[in-house]
file target14.pdb (PDB, C-alpha atoms)
ATOM      1  CA  MET A 244       0.000   0.000   0.000
ATOM      2  CA  THR A 245       1.006   3.600  -0.489
ATOM      3  CA  ASP A 246       2.559   5.555   2.383
ATOM      4  CA  THR A 247       0.780   8.427   4.092
ATOM      5  CA  GLN A 248       2.042  11.888   3.194
ATOM      6  CA  ILE A 249       1.486  15.205   4.954
ATOM      7  CA  PHE A 250       0.307  18.322   3.126
ATOM      8  CA  GLU A 251       0.964  21.542   5.041
ATOM      9  CA  PRO A 252      -0.818  24.552   3.557
ATOM     10  CA  ASP A 253      -0.427  27.530   5.893
ATOM     11  CA  GLY A 254       1.039  25.255   8.574
ATOM     12  CA  ARG A 255      -1.961  22.883   8.657
ATOM     13  CA  ALA A 256      -0.740  19.280   8.660
ATOM     14  CA  ILE A 257      -3.259  17.228   6.674
ATOM     15  CA  PRO A 258      -2.476  13.524   6.214
ATOM     16  CA  PHE A 259      -3.326  11.941   2.862
ATOM     17  CA  VAL A 260      -2.685   8.977   0.607
ATOM     18  CA  ASP A 261      -2.870   9.319  -3.184
ATOM     19  CA  GLU A 262      -2.934   6.101  -5.192
ATOM     20  CA  GLY A 263      -3.940   4.887  -8.615
ATOM     21  CA  ASP A 264      -4.287   6.894 -11.773
ATOM     22  CA  GLY A 265      -7.465   5.639 -13.409
ATOM     23  CA  PRO A 266     -10.165   7.685 -15.086
ATOM     24  CA  VAL A 267     -12.616   7.428 -12.162
ATOM     25  CA  LYS A 268     -11.532   9.916  -9.485
ATOM     26  CA  LEU A 269     -12.636   9.385  -5.877
ATOM     27  CA  VAL A 270     -11.827  11.353  -2.735
ATOM     28  CA  LEU A 271     -12.497   9.472   0.518
ATOM     29  CA  ILE A 272     -12.396  11.304   3.852
ATOM     30  CA  GLN A 273     -11.558   9.346   6.973
ATOM     31  CA  GLU A 274     -13.790   9.129  10.068
ATOM     32  CA  ARG A 275     -12.332  11.337  12.813
ATOM     33  CA  ASP A 276     -10.987  10.084  16.127
ATOM     34  CA  VAL A 277     -10.272   6.611  14.752
ATOM     35  CA  ALA A 278      -6.677   5.457  15.122
ATOM     36  CA  ALA A 279      -6.911   2.762  12.449
ATOM     37  CA  ASP A 280      -6.787   3.505   8.731
ATOM     38  CA  VAL A 281     -10.347   2.286   8.233
ATOM     39  CA  LEU A 282     -10.500   3.160   4.525
ATOM     40  CA  GLY A 283      -7.054   1.847   3.574
ATOM     41  CA  VAL A 284      -7.979  -1.554   2.142
ATOM     42  CA  VAL A 285     -11.091  -0.195   0.401
ATOM     43  CA  ALA A 286      -9.060   2.560  -1.267
ATOM     44  CA  HIS A 287      -6.220   0.228  -2.215
ATOM     45  CA  TYR A 288      -8.647  -2.251  -3.798
ATOM     46  CA  LEU A 289     -10.328   0.535  -5.775
ATOM     47  CA  ALA A 290      -6.964   1.854  -6.979
ATOM     48  CA  GLU A 291      -5.367  -1.508  -7.804
ATOM     49  CA  GLU A 292      -8.247  -3.780  -8.786
ATOM     50  CA  ALA A 293     -10.837  -1.325 -10.127
ATOM     51  CA  GLY A 294      -8.363   1.114 -11.675
ATOM     52  CA  PHE A 295      -9.624   4.211  -9.831
ATOM     53  CA  HIS A 296      -7.587   7.234  -8.777
ATOM     54  CA  VAL A 297      -8.253   7.426  -5.023
ATOM     55  CA  LEU A 298      -7.243  10.314  -2.772
ATOM     56  CA  ARG A 299      -7.734   9.384   0.887
ATOM     57  CA  ILE A 300      -7.742  12.342   3.295
ATOM     58  CA  GLY A 301      -7.341  12.352   7.077
ATOM     59  CA  HIS A 302      -8.006  15.214   9.486
ATOM     60  CA  ARG A 303      -5.598  17.798  10.762
ATOM     61  CA  ALA A 304      -5.085  17.619  14.492
ATOM     62  CA  GLU A 305      -7.099  19.830  16.787
ATOM     63  CA  THR A 306      -5.583  21.426  19.832
ATOM     64  CA  LYS A 307      -7.282  22.295  23.104
ATOM     65  CA  ARG A 308      -7.075  25.940  22.100
ATOM     66  CA  GLU A 309      -8.389  25.545  18.567
ATOM     67  CA  GLU A 310     -11.254  23.410  17.313
ATOM     68  CA  VAL A 311     -11.337  22.939  13.548
ATOM     69  CA  SER A 312     -14.723  23.915  12.095
ATOM     70  CA  LEU A 313     -16.573  22.029   9.371
ATOM     71  CA  ASP A 314     -15.916  24.914   6.953
ATOM     72  CA  GLN A 315     -12.188  24.737   7.728
ATOM     73  CA  ARG A 316     -12.207  20.985   7.061
ATOM     74  CA  VAL A 317     -13.939  21.628   3.716
ATOM     75  CA  GLU A 318     -11.216  24.116   2.845
ATOM     76  CA  ASP A 319      -8.556  21.546   3.832
ATOM     77  CA  VAL A 320     -10.120  19.084   1.385
ATOM     78  CA  LEU A 321     -10.246  21.709  -1.386
ATOM     79  CA  ALA A 322      -6.598  22.657  -0.822
ATOM     80  CA  LEU A 323      -5.541  19.008  -0.992
ATOM     81  CA  ILE A 324      -7.632  18.263  -4.102
ATOM     82  CA  ASP A 325      -6.026  21.266  -5.804
ATOM     83  CA  HIS A 326      -2.562  20.195  -4.584
ATOM     84  CA  VAL A 327      -3.005  16.745  -6.152
ATOM     85  CA  GLY A 328      -4.459  18.288  -9.303
ATOM     86  CA  LEU A 329      -7.932  16.790  -9.411
ATOM     87  CA  GLY A 330     -10.451  18.811 -11.375
ATOM     88  CA  ASP A 331     -13.769  17.137 -10.735
ATOM     89  CA  THR A 332     -14.202  14.011  -8.658
ATOM     90  CA  TRP A 333     -16.540  11.802  -6.717
ATOM     91  CA  ILE A 334     -16.244  12.590  -3.031
ATOM     92  CA  GLY A 335     -17.239  10.627   0.009
ATOM     93  CA  GLY A 336     -16.254   9.519   3.426
ATOM     94  CA  HIS A 337     -16.870   7.354   6.435
ATOM     95  CA  GLY A 338     -18.990   8.738   9.301
ATOM     96  CA  PHE A 339     -17.872  12.299   9.967
ATOM     97  CA  GLY A 340     -15.783  12.102   6.796
ATOM     98  CA  GLY A 341     -19.048  11.744   4.893
ATOM     99  CA  THR A 342     -20.398  14.803   6.686
ATOM    100  CA  VAL A 343     -17.365  16.766   5.470
ATOM    101  CA  ALA A 344     -17.960  15.376   1.961
ATOM    102  CA  ARG A 345     -21.604  16.519   2.027
ATOM    103  CA  ALA A 346     -20.542  20.002   3.138
ATOM    104  CA  PHE A 347     -17.847  20.047   0.433
ATOM    105  CA  ALA A 348     -20.410  19.101  -2.232
ATOM    106  CA  MET A 349     -22.719  21.920  -1.102
ATOM    107  CA  ALA A 350     -19.880  24.486  -1.150
ATOM    108  CA  HIS A 351     -18.145  23.265  -4.321
ATOM    109  CA  ALA A 352     -20.797  21.458  -6.384
ATOM    110  CA  ASP A 353     -18.957  22.355  -9.595
ATOM    111  CA  ARG A 354     -16.053  20.126  -8.455
ATOM    112  CA  VAL A 355     -18.151  17.068  -7.535
ATOM    113  CA  ASN A 356     -19.515  14.324  -9.821
ATOM    114  CA  GLY A 357     -21.353  12.558  -6.997
ATOM    115  CA  LEU A 358     -21.259  11.452  -3.365
ATOM    116  CA  ALA A 359     -20.238   8.101  -1.836
ATOM    117  CA  LEU A 360     -21.258   8.140   1.826
ATOM    118  CA  LEU A 361     -20.330   5.324   4.218
ATOM    119  CA  ALA A 362     -22.080   5.153   7.615
ATOM    120  CA  VAL A 363     -24.100   8.350   7.297
ATOM    121  CA  GLU A 364     -24.218  10.531  10.401
ATOM    122  CA  GLU A 365     -27.479  12.126  11.433
ATOM    123  CA  ASN A 366     -27.199  15.856  10.709
ATOM    124  CA  ASP A 367     -28.979  18.630   8.875
ATOM    125  CA  ILE A 368     -26.594  19.072   5.938
ATOM    126  CA  PRO A 369     -28.706  18.605   2.808
ATOM    127  CA  LEU A 370     -27.560  16.758  -0.267
ATOM    128  CA  ALA A 371     -26.195  19.005  -2.980
ATOM    129  CA  PRO A 372     -28.657  19.274  -5.878
ATOM    130  CA  VAL A 373     -28.577  17.111  -9.012
ATOM    131  CA  MET A 374     -25.613  14.821  -8.287
ATOM    132  CA  PRO A 375     -26.005  11.068  -7.712
ATOM    133  CA  VAL A 376     -25.525   9.727  -4.187
ATOM    134  CA  LEU A 377     -24.398   6.286  -3.060
ATOM    135  CA  ILE A 378     -25.104   5.531   0.610
ATOM    136  CA  ILE A 379     -23.587   2.437   2.226
ATOM    137  CA  GLN A 380     -24.687   1.423   5.717
ATOM    138  CA  GLY A 381     -23.811  -1.475   7.996
ATOM    139  CA  THR A 382     -26.933  -3.291   9.162
ATOM    140  CA  LYS A 383     -25.561  -3.621  12.734
ATOM    141  CA  ASP A 384     -24.119  -0.080  13.021
ATOM    142  CA  ILE A 385     -25.250   1.536  16.286
ATOM    143  CA  ASP A 386     -23.119   4.699  15.787
ATOM    144  CA  ALA A 387     -24.688   5.509  12.409
ATOM    145  CA  PRO A 388     -27.810   3.312  12.196
ATOM    146  CA  PHE A 389     -29.122   1.995   8.890
ATOM    147  CA  SER A 390     -32.113   4.296   9.303
ATOM    148  CA  ASN A 391     -29.795   7.325   8.878
ATOM    149  CA  GLY A 392     -29.056   6.206   5.333
ATOM    150  CA  GLU A 393     -32.709   5.557   4.586
ATOM    151  CA  GLN A 394     -33.666   8.983   5.945
ATOM    152  CA  LEU A 395     -31.054  10.729   3.793
ATOM    153  CA  GLN A 396     -32.084   8.714   0.741
ATOM    154  CA  SER A 397     -35.707   9.773   1.238
ATOM    155  CA  THR A 398     -34.696  13.416   0.708
ATOM    156  CA  ALA A 399     -33.639  12.632  -2.878
ATOM    157  CA  PRO A 400     -35.099   9.236  -3.836
ATOM    158  CA  GLU A 401     -34.696   9.845  -7.556
ATOM    159  CA  ARG A 402     -30.886  10.047  -7.309
ATOM    160  CA  ALA A 403     -29.831   8.465  -4.022
ATOM    161  CA  SER A 404     -29.341   4.732  -3.477
ATOM    162  CA  VAL A 405     -28.831   2.875  -0.198
ATOM    163  CA  LYS A 406     -26.773  -0.323  -0.126
ATOM    164  CA  SER A 407     -26.234  -2.476   2.946
ATOM    165  CA  ILE A 408     -23.328  -4.452   4.315
ATOM    166  CA  ASP A 409     -25.149  -7.244   6.135
ATOM    167  CA  GLY A 410     -24.114  -7.923   9.730
ATOM    168  CA  ALA A 411     -21.580  -5.084   9.726
ATOM    169  CA  ASP A 412     -21.058  -2.471  12.433
ATOM    170  CA  HIS A 413     -19.680   1.080  12.132
ATOM    171  CA  MET A 414     -16.210  -0.125  11.179
ATOM    172  CA  PHE A 415     -17.495  -2.024   8.121
ATOM    173  CA  PRO A 416     -15.001  -0.428   5.700
ATOM    174  CA  MET A 417     -12.285  -2.148   7.757
ATOM    175  CA  THR A 418     -14.084  -5.376   8.682
ATOM    176  CA  HIS A 419     -15.778  -5.838   5.260
ATOM    177  CA  PRO A 420     -13.410  -3.931   2.936
ATOM    178  CA  ILE A 421     -13.841  -5.962  -0.249
ATOM    179  CA  GLU A 422     -17.651  -5.986   0.011
ATOM    180  CA  THR A 423     -17.557  -2.216   0.562
ATOM    181  CA  ALA A 424     -15.140  -1.624  -2.314
ATOM    182  CA  VAL A 425     -17.173  -3.766  -4.728
ATOM    183  CA  VAL A 426     -20.345  -1.794  -3.941
ATOM    184  CA  ILE A 427     -18.467   1.454  -4.660
ATOM    185  CA  GLU A 428     -16.842   0.042  -7.805
ATOM    186  CA  GLU A 429     -20.127  -1.203  -9.252
ATOM    187  CA  TYR A 430     -21.915   2.073  -8.545
ATOM    188  CA  LEU A 431     -19.202   4.486  -9.716
ATOM    189  CA  ASP A 432     -18.031   2.517 -12.720
ATOM    190  CA  TRP A 433     -21.077   3.599 -14.699
ATOM    191  CA  ASP A 434     -20.093   7.288 -14.372
TER     192      ASP A 434
END

call {"tool": "encode", "arguments": {"input": "target14.pdb", "output": "structure tokens"}}
result
Amino acid sequence: MTDTQIFEPDGRAIPFVDEGDGPVKLVLIQERDVAADVLGVVAHYLAEEAGFHVLRIGHRAETKREEVSLDQRVEDVLALIDHVGLGDTWIGGHGFGGTVARAFAMAHADRVNGLALLAVEENDIPLAPVMPVLIIQGTKDIDAPFSNGEQLQSTAPERASVKSIDGADHMFPMTHPIETAVVIEEYLDWD
């Protein structure tokens, strides 16, 4: 697998992994406060087996004196996408990473082909208009219940799809990485 790099715009240390060079571009944003690289195997499969270009983004560290806002995280993602040289891309994430992706899509819809959301958090960020949305939920996830995905899908039923990873909890991208990657591959490969 590819090593993690650090991008430091204006002194912000943002961890990322950039792998693959295929025609389908996908940005995946990590869940926060999780020590493990939950999206690593999913991203590597998509880059190596499906031929995608996958940019995996972590979160810059917060200090006790400074909490990083959602808008600042969106700007971190934009800076990193520009640094890597992606024009338009699919964007998604796991848990809070998906929340950042939704906010990014609302702020920069012209840069986003669609959303791939894993373990949707309950929040009031709407889906950006027009673009397709893939929602993947674990059926045993108590942190981001399956109903969160169904609720979000109901706000845009004509363009949002919910897929399940049966028997999986919140860490399904790590415990069921190939199943997760195949769902993403099959959905995005039509784009």

call {"tool": "residues_around", "arguments": {"input": "target14.pdb", "residues": "Val284 in chain A", "least_positions_apart": "3", "cutoff": "9 Å", "atoms": "only C-alpha atoms", "output": "compact mmCIF listing (two decimals) with C-alpha atoms, keeping the file's coordinate frame"}}
result
# COMPACT_ATOMS: atom_id res chain seq x y z
CA MET A 244 0.00 0.00 0.00
CA ASP A 280 -6.79 3.50 8.73
CA VAL A 281 -10.35 2.29 8.23
CA HIS A 287 -6.22 0.23 -2.22
CA TYR A 288 -8.65 -2.25 -3.80
CA LEU A 289 -10.33 0.54 -5.78
CA PRO A 416 -15.00 -0.43 5.70
CA MET A 417 -12.28 -2.15 7.76
CA PRO A 420 -13.41 -3.93 2.94
CA ILE A 421 -13.84 -5.96 -0.25
CA ALA A 424 -15.14 -1.62 -2.31

call {"tool": "residues_around", "arguments": {"input": "target14.pdb", "residues": "Val376 in chain A", "least_positions_apart": "2", "cutoff": "7 Å", "atoms": "all atoms listed in the file", "output": "ChimeraX atom specification"}}
result
/A:357-359,374,378,402-404

call {"tool": "residues_near_point", "arguments": {"input": "target14.pdb", "point": "(-30.0, 5.2, 3.2)", "cutoff": "10 Å", "atoms": "only C-alpha atoms", "output": "ChimeraX atom specification"}}
result
/A:360-363,376-380,388-398,400,403-407

call {"tool": "resolve_selection", "arguments": {"input": "target14.pdb", "expression": "the PyMOL selection byres ((chain A and resi 342) around 12)", "output": "PyMOL selection string"}}
result
chain A and resi 271-275+313-314+316-317+334-341+343-349+358-370+387+395

call {"tool": "resolve_selection", "arguments": {"input": "target14.pdb", "expression": "the PyMOL selection byres ((chain A and resi 383) around 9)", "output": "PDB file with C-alpha atoms, in the frame of the given file"}}
result
ATOM      1  CA  GLN A 380     -24.687   1.423   5.717  1.00  0.00           C
ATOM      2  CA  GLY A 381     -23.811  -1.475   7.996  1.00  0.00           C
ATOM      3  CA  THR A 382     -26.933  -3.291   9.162  1.00  0.00           C
ATOM      4  CA  ASP A 384     -24.119  -0.080  13.021  1.00  0.00           C
ATOM      5  CA  ILE A 385     -25.250   1.536  16.286  1.00  0.00           C
ATOM      6  CA  PRO A 388     -27.810   3.312  12.196  1.00  0.00           C
ATOM      7  CA  PHE A 389     -29.122   1.995   8.890  1.00  0.00           C
ATOM      8  CA  ILE A 408     -23.328  -4.452   4.315  1.00  0.00           C
ATOM      9  CA  ASP A 409     -25.149  -7.244   6.135  1.00  0.00           C
ATOM     10  CA  GLY A 410     -24.114  -7.923   9.730  1.00  0.00           C
ATOM     11  CA  ALA A 411     -21.580  -5.084   9.726  1.00  0.00           C
ATOM     12  CA  ASP A 412     -21.058  -2.471  12.433  1.00  0.00           C
ATOM     13  CA  HIS A 413     -19.680   1.080  12.132  1.00  0.00           C
TER      14      HIS A 413
END

call {"tool": "decode", "arguments": {"input": "target14.pdb", "residues": "range 357-368 of chain A", "atoms": "all heavy atoms", "output": "JSON list (two decimals), in the first residue's frame"}}
result
[["chain", "number", "residue", "atom", "x", "y", "z"],
["A", 357, "GLY", "N", -20.39, 13.29, -7.80],
["A", 357, "GLY", "CA", -21.35, 12.56, -7.00],
["A", 357, "GLY", "C", -20.78, 12.28, -5.62],
["A", 357, "GLY", "O", -19.61, 12.56, -5.35],
["A", 358, "LEU", "N", -21.63, 11.75, -4.74],
["A", 358, "LEU", "CA", -21.26, 11.45, -3.37],
["A", 358, "LEU", "C", -21.27, 9.96, -3.10],
["A", 358, "LEU", "O", -22.15, 9.25, -3.58],
["A", 358, "LEU", "CB", -22.24, 12.12, -2.40],
["A", 358, "LEU", "CG", -22.14, 13.63, -2.23],
["A", 358, "LEU", "CD1", -23.39, 14.17, -1.56],
["A", 358, "LEU", "CD2", -20.91, 13.99, -1.43],
["A", 359, "ALA", "N", -20.30, 9.49, -2.31],
["A", 359, "ALA", "CA", -20.24, 8.10, -1.84],
["A", 359, "ALA", "C", -20.10, 8.16, -0.32],
["A", 359, "ALA", "O", -19.02, 8.42, 0.21],
["A", 359, "ALA", "CB", -19.06, 7.37, -2.46],
["A", 360, "LEU", "N", -21.20, 7.94, 0.38],
["A", 360, "LEU", "CA", -21.26, 8.14, 1.83],
["A", 360, "LEU", "C", -21.34, 6.80, 2.55],
["A", 360, "LEU", "O", -22.25, 6.02, 2.30],
["A", 360, "LEU", "CB", -22.46, 9.01, 2.17],
["A", 360, "LEU", "CG", -22.54, 10.35, 1.43],
["A", 360, "LEU", "CD1", -23.86, 11.05, 1.71],
["A", 360, "LEU", "CD2", -21.36, 11.24, 1.78],
["A", 361, "LEU", "N", -20.41, 6.57, 3.46],
["A", 361, "LEU", "CA", -20.33, 5.32, 4.22],
["A", 361, "LEU", "C", -20.66, 5.61, 5.67],
["A", 361, "LEU", "O", -20.02, 6.47, 6.29],
["A", 361, "LEU", "CB", -18.93, 4.73, 4.13],
["A", 361, "LEU", "CG", -18.48, 4.15, 2.79],
["A", 361, "LEU", "CD1", -18.40, 5.18, 1.69],
["A", 361, "LEU", "CD2", -17.15, 3.44, 2.94],
["A", 362, "ALA", "N", -21.67, 4.96, 6.22],
["A", 362, "ALA", "CA", -22.08, 5.15, 7.61],
["A", 362, "ALA", "C", -22.49, 6.60, 7.85],
["A", 362, "ALA", "O", -21.83, 7.36, 8.55],
["A", 362, "ALA", "CB", -20.99, 4.71, 8.59],
["A", 363, "VAL", "N", -23.61, 6.97, 7.26],
["A", 363, "VAL", "CA", -24.10, 8.35, 7.30],
["A", 363, "VAL", "C", -24.43, 8.78, 8.73],
["A", 363, "VAL", "O", -25.19, 8.10, 9.42],
["A", 363, "VAL", "CB", -25.35, 8.50, 6.40],
["A", 363, "VAL", "CG1", -26.02, 9.84, 6.58],
["A", 363, "VAL", "CG2", -24.98, 8.27, 4.95],
["A", 364, "GLU", "N", -23.87, 9.92, 9.11],
["A", 364, "GLU", "CA", -24.22, 10.53, 10.40],
["A", 364, "GLU", "C", -25.56, 11.24, 10.28],
["A", 364, "GLU", "O", -25.92, 11.72, 9.21],
["A", 364, "GLU", "CB", -23.18, 11.59, 10.79],
["A", 364, "GLU", "CG", -21.84, 11.04, 11.17],
["A", 364, "GLU", "CD", -20.93, 12.15, 11.71],
["A", 364, "GLU", "OE1", -20.95, 13.28, 11.19],
["A", 364, "GLU", "OE2", -20.19, 11.85, 12.65],
["A", 365, "GLU", "N", -26.25, 11.35, 11.40],
["A", 365, "GLU", "CA", -27.48, 12.13, 11.43],
["A", 365, "GLU", "C", -27.11, 13.59, 11.61],
["A", 365, "GLU", "O", -26.47, 13.97, 12.59],
["A", 365, "GLU", "CB", -28.36, 11.67, 12.60],
["A", 365, "GLU", "CG", -29.69, 12.37, 12.63],
["A", 365, "GLU", "CD", -30.58, 11.85, 13.75],
["A", 365, "GLU", "OE1", -30.19, 10.93, 14.47],
["A", 365, "GLU", "OE2", -31.67, 12.42, 13.90],
["A", 366, "ASN", "N", -27.43, 14.41, 10.62],
["A", 366, "ASN", "CA", -27.20, 15.86, 10.71],
["A", 366, "ASN", "C", -28.11, 16.56, 9.73],
["A", 366, "ASN", "O", -28.86, 15.92, 9.00],
["A", 366, "ASN", "CB", -25.71, 16.20, 10.47],
["A", 366, "ASN", "CG", -25.25, 15.81, 9.09],
["A", 366, "ASN", "OD1", -25.89, 16.11, 8.10],
["A", 366, "ASN", "ND2", -24.12, 15.12, 9.02],
["A", 367, "ASP", "N", -28.05, 17.88, 9.71],
["A", 367, "ASP", "CA", -28.98, 18.63, 8.88],
["A", 367, "ASP", "C", -28.34, 19.17, 7.60],
["A", 367, "ASP", "O", -28.89, 20.07, 6.97],
["A", 367, "ASP", "CB", -29.62, 19.76, 9.69],
["A", 367, "ASP", "CG", -28.58, 20.72, 10.25],
["A", 367, "ASP", "OD1", -27.37, 20.50, 10.06],
["A", 367, "ASP", "OD2", -29.00, 21.70, 10.90],
["A", 368, "ILE", "N", -27.21, 18.63, 7.19],
["A", 368, "ILE", "CA", -26.59, 19.07, 5.94],
["A", 368, "ILE", "C", -27.34, 18.41, 4.79],
["A", 368, "ILE", "O", -27.38, 17.18, 4.69],
["A", 368, "ILE", "CB", -25.10, 18.71, 5.89],
["A", 368, "ILE", "CG1", -24.34, 19.41, 7.02],
["A", 368, "ILE", "CG2", -24.50, 19.07, 4.53],
["A", 368, "ILE", "CD1", -22.91, 18.96, 7.17]]
